[in-house]
Amino acid sequence: MTSIGPARSPSGTDRPPSGTGPFRPVVPMLGVAAAVVYAWWATGQLPFTAAATVAVGIPVAGLVALAVVRRPTGTGGREPLRPGAVLPWAGLLAAAVVLEIVGLALGGRSSGVPTLSTVVDHALTWHASRWALFCAWLAAGAAPLVSPVLHRRDGVA
Amino acid sequence: MAVTVVWLALMAAAVAWEVACRRSGGRWADLAAVAARLWSRVPGRIVLVALWAFVGWHVFARYTLTG
């Protein structure tokens with residue numbers, strides 16, 4: 001009996017042809033392109049204006065909606081993180097918090113002990129660098145949206 | 001100036017540690033694993049969304065042009 005279906009991979013597992021079809025890769029690419037264009041517009045707004053706040057607020061509203069629509073599924077069968085596994089991150093965070101508190105205690109704009117945002121401000125001087133950082137910020141926020149897709153692909157493979 | 005260097009060193013250390021975690025085969029938790037764990041519970045989601053929103057608002061809507 002001849003079976004008709006997806007081709008078998010060399011390992012013998014059925015694998016649907018990923019990335020095939022004319023439209024599958026187009027949608028994510030259009031999303032990335034739209035985000036890049038949006039980031040350029042958003043970082044062109046003057047700070048401390050309503051337009052700048054709205055430009056940040058739109059993606060935030062999107063993530064809030066995603067957080068509400070996609071209900072938490074628990075740990076999903078994954079093993080809990082060992083406290084020791086996150087200890088270095090806790091150390092880095094603690095060092096950053098201490099520096100930030102000292103910087104804020106000195107007025108927030110001290111050249112001797114700048115806060116993190118004072119340091120980052122230097123990178124925001126140029127539109128291109130603001131745009132790059134905004135894209136990175138959008139990418140971090142899009143992770144919950146993108147990760148399940150990647151996870152499904154991994155699961156299929 | 002010295003503290004600026006410390007900030008940059010902390011950022012570099014975070015990036016280096018993230019790379020090391022991803023190469024550790026799960027022995028150490030990378031940021032994605034920590035975020036995924038937080039995202040799986042409602043309080044964690046609130047923390048992540050609030051943190052991300054604050055960073056965006058503070059950095060991109062309330063920045064000060066230097067120079």
# chains A, B, ... in the order shown; residues from 1 in each chain; ligands from 1
call {"tool": "residues_around", "arguments": {"residues": "Val34 in chain B", "least_positions_apart": "4", "cutoff": "8 Å", "atoms": "only C-alpha atoms", "output": "MDAnalysis selection string"}}
result
(chainID A and resid 81 86) or (chainID B and resid 29:30 38)
call {"tool": "write_last_selection", "arguments": {"atoms": "N, CA and C atoms", "output": "compact mmCIF listing (two decimals), in the first residue's frame"}}
result
# COMPACT_ATOMS: atom_id res chain seq x y z
N LEU A 81 13.33 26.57 37.19
CA LEU A 81 14.71 27.04 37.15
C LEU A 81 15.35 26.84 38.52
N VAL A 86 20.16 31.22 38.12
CA VAL A 86 19.91 32.64 37.83
C VAL A 86 20.73 33.55 38.74
N ALA B 29 20.73 29.60 33.30
CA ALA B 29 19.51 30.13 32.67
C ALA B 29 19.83 31.38 31.88
N ASP B 30 19.47 31.38 30.59
CA ASP B 30 19.63 32.61 29.82
C ASP B 30 18.40 33.50 30.05
N LEU B 38 8.82 33.67 33.75
CA LEU B 38 7.98 34.74 34.29
C LEU B 38 6.68 34.86 33.50
call {"tool": "select_by_dssp", "arguments": {"residues": "chain B", "states": "alpha helix (DSSP H)", "output": "PyMOL selection string"}}
result
chain B and resi 2-22+31-39+42-56
call {"tool": "residues_around", "arguments": {"residues": "range 13-24 of chain B", "least_positions_apart": "6", "cutoff": "10 Å", "atoms": "only C-alpha atoms", "output": "VMD selection string"}}
result
(chain A and resid 85 to 86 88 to 89 92 to 93) or (chain B and resid 7 30 to 33)
call {"tool": "residues_around", "arguments": {"residues": "range 67-69 of chain A", "least_positions_apart": "3", "cutoff": "9 Å", "atoms": "only C-alpha atoms", "output": "compact mmCIF listing (two decimals) with C-alpha atoms, in the first residue's frame"}}
result
# COMPACT_ATOMS: atom_id res chain seq x y z
CA GLY A 62 -0.29 45.49 21.76
CA LEU A 63 1.74 43.56 24.34
CA VAL A 64 -0.88 44.15 27.03
CA PRO A 72 -0.71 31.66 31.05
CA PRO A 144 6.23 36.29 23.57
CA TRP B 39 5.60 34.88 31.30
CA VAL B 42 0.09 36.21 35.72
CA ARG B 45 3.49 38.77 33.04
CA ILE B 46 2.51 41.95 34.84
CA VAL B 49 4.95 44.07 30.64
call {"tool": "atom_distance", "arguments": {"atom1": "CA of Leu124 in chain A", "atom2": "CA of Val54 in chain A"}}
result
18.4 Å
call {"tool": "atom_distance", "arguments": {"atom1": "CA of Arg70 in chain A", "atom2": "CA of Gly141 in chain A"}}
result
14.4 Å
call {"tool": "atom_distance", "arguments": {"atom1": "CA of Thr115 in chain A", "atom2": "CA of Glu100 in chain A"}}
result
5.2 Å
call {"tool": "residues_around", "arguments": {"residues": "Asp121 in chain A", "least_positions_apart": "6", "cutoff": "9 Å", "atoms": "only C-alpha atoms", "output": "PyMOL selection string"}}
result
chain B and resi 59+63-66
call {"tool": "write_last_selection", "arguments": {"atoms": "N, CA and C atoms", "output": "PDB file, in the first residue's frame"}}
result
ATOM      1  N   VAL B  59      12.971  55.623  28.080  1.00  0.00           N
ATOM      2  CA  VAL B  59      14.096  55.790  27.145  1.00  0.00           C
ATOM      3  C   VAL B  59      13.681  56.537  25.890  1.00  0.00           C
ATOM      4  N   TYR B  63      13.581  60.994  26.924  1.00  0.00           N
ATOM      5  CA  TYR B  63      15.037  61.109  26.910  1.00  0.00           C
ATOM      6  C   TYR B  63      15.449  62.567  26.764  1.00  0.00           C
ATOM      7  N   THR B  64      16.709  62.820  27.099  1.00  0.00           N
ATOM      8  CA  THR B  64      17.266  64.163  26.990  1.00  0.00           C
ATOM      9  C   THR B  64      18.380  64.138  25.963  1.00  0.00           C
ATOM     10  N   LEU B  65      18.257  65.005  24.976  1.00  0.00           N
ATOM     11  CA  LEU B  65      19.316  65.072  23.970  1.00  0.00           C
ATOM     12  C   LEU B  65      20.558  65.710  24.569  1.00  0.00           C
ATOM     13  N   THR B  66      21.674  65.018  24.458  1.00  0.00           N
ATOM     14  CA  THR B  66      22.922  65.542  25.029  1.00  0.00           C
ATOM     15  C   THR B  66      23.670  66.350  23.989  1.00  0.00           C
TER      16      THR B  66
END
call {"tool": "closest_atom_pairs", "arguments": {"of": "chain B", "to": "range 49-53 of chain A", "cutoff": "12 Å", "atoms": "only C-alpha atoms", "output": "Markdown table"}}
result
| residue | atom | partner | partner_atom | distance |
| --- | --- | --- | --- | --- |
| B:Ala53 | CA | A:Thr53 | CA | 10.8 |
| B:Phe54 | CA | A:Thr53 | CA | 11.2 |
| B:Gly56 | CA | A:Thr53 | CA | 9.2 |
| B:Trp57 | CA | A:Thr53 | CA | 6.7 |
| B:His58 | CA | A:Thr53 | CA | 9.6 |
| B:Val59 | CA | A:Ala52 | CA | 10.6 |
| B:Phe60 | CA | A:Ala52 | CA | 7.2 |
| B:Ala61 | CA | A:Ala52 | CA | 5.0 |
| B:Arg62 | CA | A:Ala52 | CA | 8.3 |
| B:Tyr63 | CA | A:Ala52 | CA | 10.2 |
call {"tool": "write_last_selection", "arguments": {"atoms": "all heavy atoms", "output": "compact mmCIF listing (two decimals), in the first residue's frame"}}
result
# COMPACT_ATOMS: atom_id res chain seq x y z
N ALA B 53 7.29 48.31 29.36
CA ALA B 53 6.62 49.58 29.09
C ALA B 53 7.40 50.74 29.71
O ALA B 53 7.57 51.78 29.09
CB ALA B 53 5.20 49.54 29.64
N PHE B 54 7.88 50.54 30.94
CA PHE B 54 8.62 51.62 31.60
C PHE B 54 9.91 51.94 30.84
O PHE B 54 10.25 53.11 30.64
CB PHE B 54 8.96 51.23 33.05
CG PHE B 54 9.83 52.25 33.73
CD1 PHE B 54 9.31 53.45 34.17
CD2 PHE B 54 11.19 52.02 33.90
CE1 PHE B 54 10.11 54.41 34.77
CE2 PHE B 54 12.01 52.97 34.49
CZ PHE B 54 11.46 54.16 34.94
N GLY B 56 10.51 51.50 27.66
CA GLY B 56 10.16 52.20 26.43
C GLY B 56 9.78 53.65 26.67
O GLY B 56 10.25 54.56 25.98
N TRP B 57 8.95 53.86 27.67
CA TRP B 57 8.50 55.22 27.97
C TRP B 57 9.67 56.08 28.43
O TRP B 57 9.85 57.21 27.96
CB TRP B 57 7.41 55.15 29.05
CG TRP B 57 6.95 56.48 29.55
CD1 TRP B 57 6.12 57.35 28.92
CD2 TRP B 57 7.30 57.07 30.79
NE1 TRP B 57 5.93 58.46 29.69
CE2 TRP B 57 6.64 58.33 30.85
CE3 TRP B 57 8.10 56.69 31.87
CZ2 TRP B 57 6.76 59.19 31.94
CZ3 TRP B 57 8.21 57.55 32.95
CH2 TRP B 57 7.55 58.77 32.97
N HIS B 58 10.47 55.56 29.34
CA HIS B 58 11.57 56.33 29.92
C HIS B 58 12.66 56.63 28.89
O HIS B 58 13.20 57.74 28.84
CB HIS B 58 12.15 55.56 31.10
CG HIS B 58 13.14 56.33 31.91
ND1 HIS B 58 12.86 57.57 32.45
CD2 HIS B 58 14.40 56.06 32.29
CE1 HIS B 58 13.90 58.01 33.12
NE2 HIS B 58 14.86 57.12 33.03
N VAL B 59 12.97 55.62 28.08
CA VAL B 59 14.10 55.79 27.14
C VAL B 59 13.68 56.54 25.89
O VAL B 59 14.42 57.40 25.40
CB VAL B 59 14.70 54.41 26.78
CG1 VAL B 59 15.74 54.55 25.68
CG2 VAL B 59 15.31 53.76 28.01
N PHE B 60 12.49 56.24 25.35
CA PHE B 60 12.15 56.78 24.03
C PHE B 60 11.15 57.94 24.06
O PHE B 60 10.97 58.61 23.05
CB PHE B 60 11.60 55.66 23.14
CG PHE B 60 12.58 54.54 22.96
CD1 PHE B 60 12.36 53.30 23.52
CD2 PHE B 60 13.76 54.75 22.25
CE1 PHE B 60 13.26 52.27 23.37
CE2 PHE B 60 14.68 53.73 22.09
CZ PHE B 60 14.43 52.49 22.65
N ALA B 61 10.50 58.16 25.19
CA ALA B 61 9.55 59.27 25.25
C ALA B 61 10.03 60.36 26.20
O ALA B 61 9.50 61.46 26.18
CB ALA B 61 8.17 58.77 25.68
N ARG B 62 11.02 60.04 27.05
CA ARG B 62 11.44 61.01 28.06
C ARG B 62 12.95 61.21 28.06
O ARG B 62 13.53 61.55 29.09
CB ARG B 62 11.02 60.52 29.46
CG ARG B 62 9.59 60.04 29.57
CD ARG B 62 8.59 61.13 29.69
NE ARG B 62 8.71 61.87 30.92
CZ ARG B 62 7.96 62.92 31.23
NH1 ARG B 62 7.04 63.34 30.37
NH2 ARG B 62 8.11 63.57 32.35
N TYR B 63 13.58 60.99 26.92
CA TYR B 63 15.04 61.11 26.91
C TYR B 63 15.45 62.57 26.76
O TYR B 63 14.66 63.43 26.37
CB TYR B 63 15.64 60.26 25.80
CG TYR B 63 15.25 60.68 24.40
CD1 TYR B 63 16.04 61.55 23.66
CD2 TYR B 63 14.08 60.19 23.81
CE1 TYR B 63 15.68 61.93 22.37
CE2 TYR B 63 13.72 60.56 22.55
CZ TYR B 63 14.52 61.44 21.83
OH TYR B 63 14.15 61.82 20.57
call {"tool": "residues_around", "arguments": {"residues": "range 38-42 of chain A", "least_positions_apart": "3", "cutoff": "12 Å", "atoms": "only C-alpha atoms", "output": "NGL selection string"}}
result
(:A and (30-35 or 45-47 or 49-59 or 126-139)) or (:B and (56-57 or 60-61))
call {"tool": "residues_around", "arguments": {"residues": "Leu99 in chain A", "least_positions_apart": "4", "cutoff": "10 Å", "atoms": "only C-alpha atoms", "output": "list in words"}}
result
Leu93, Ala94, Ala95, Gly103, Leu104, Ala105, Val113, Pro114, Thr115 and Leu116 of chain A; Val3, Val6 and Trp7 of chain B
call {"tool": "closest_residue", "arguments": {"among": "A:Leu66, A:Val97, A:Val26, A:Val119", "to": "chain B", "atoms": "only C-alpha atoms"}}
result
A:Val119
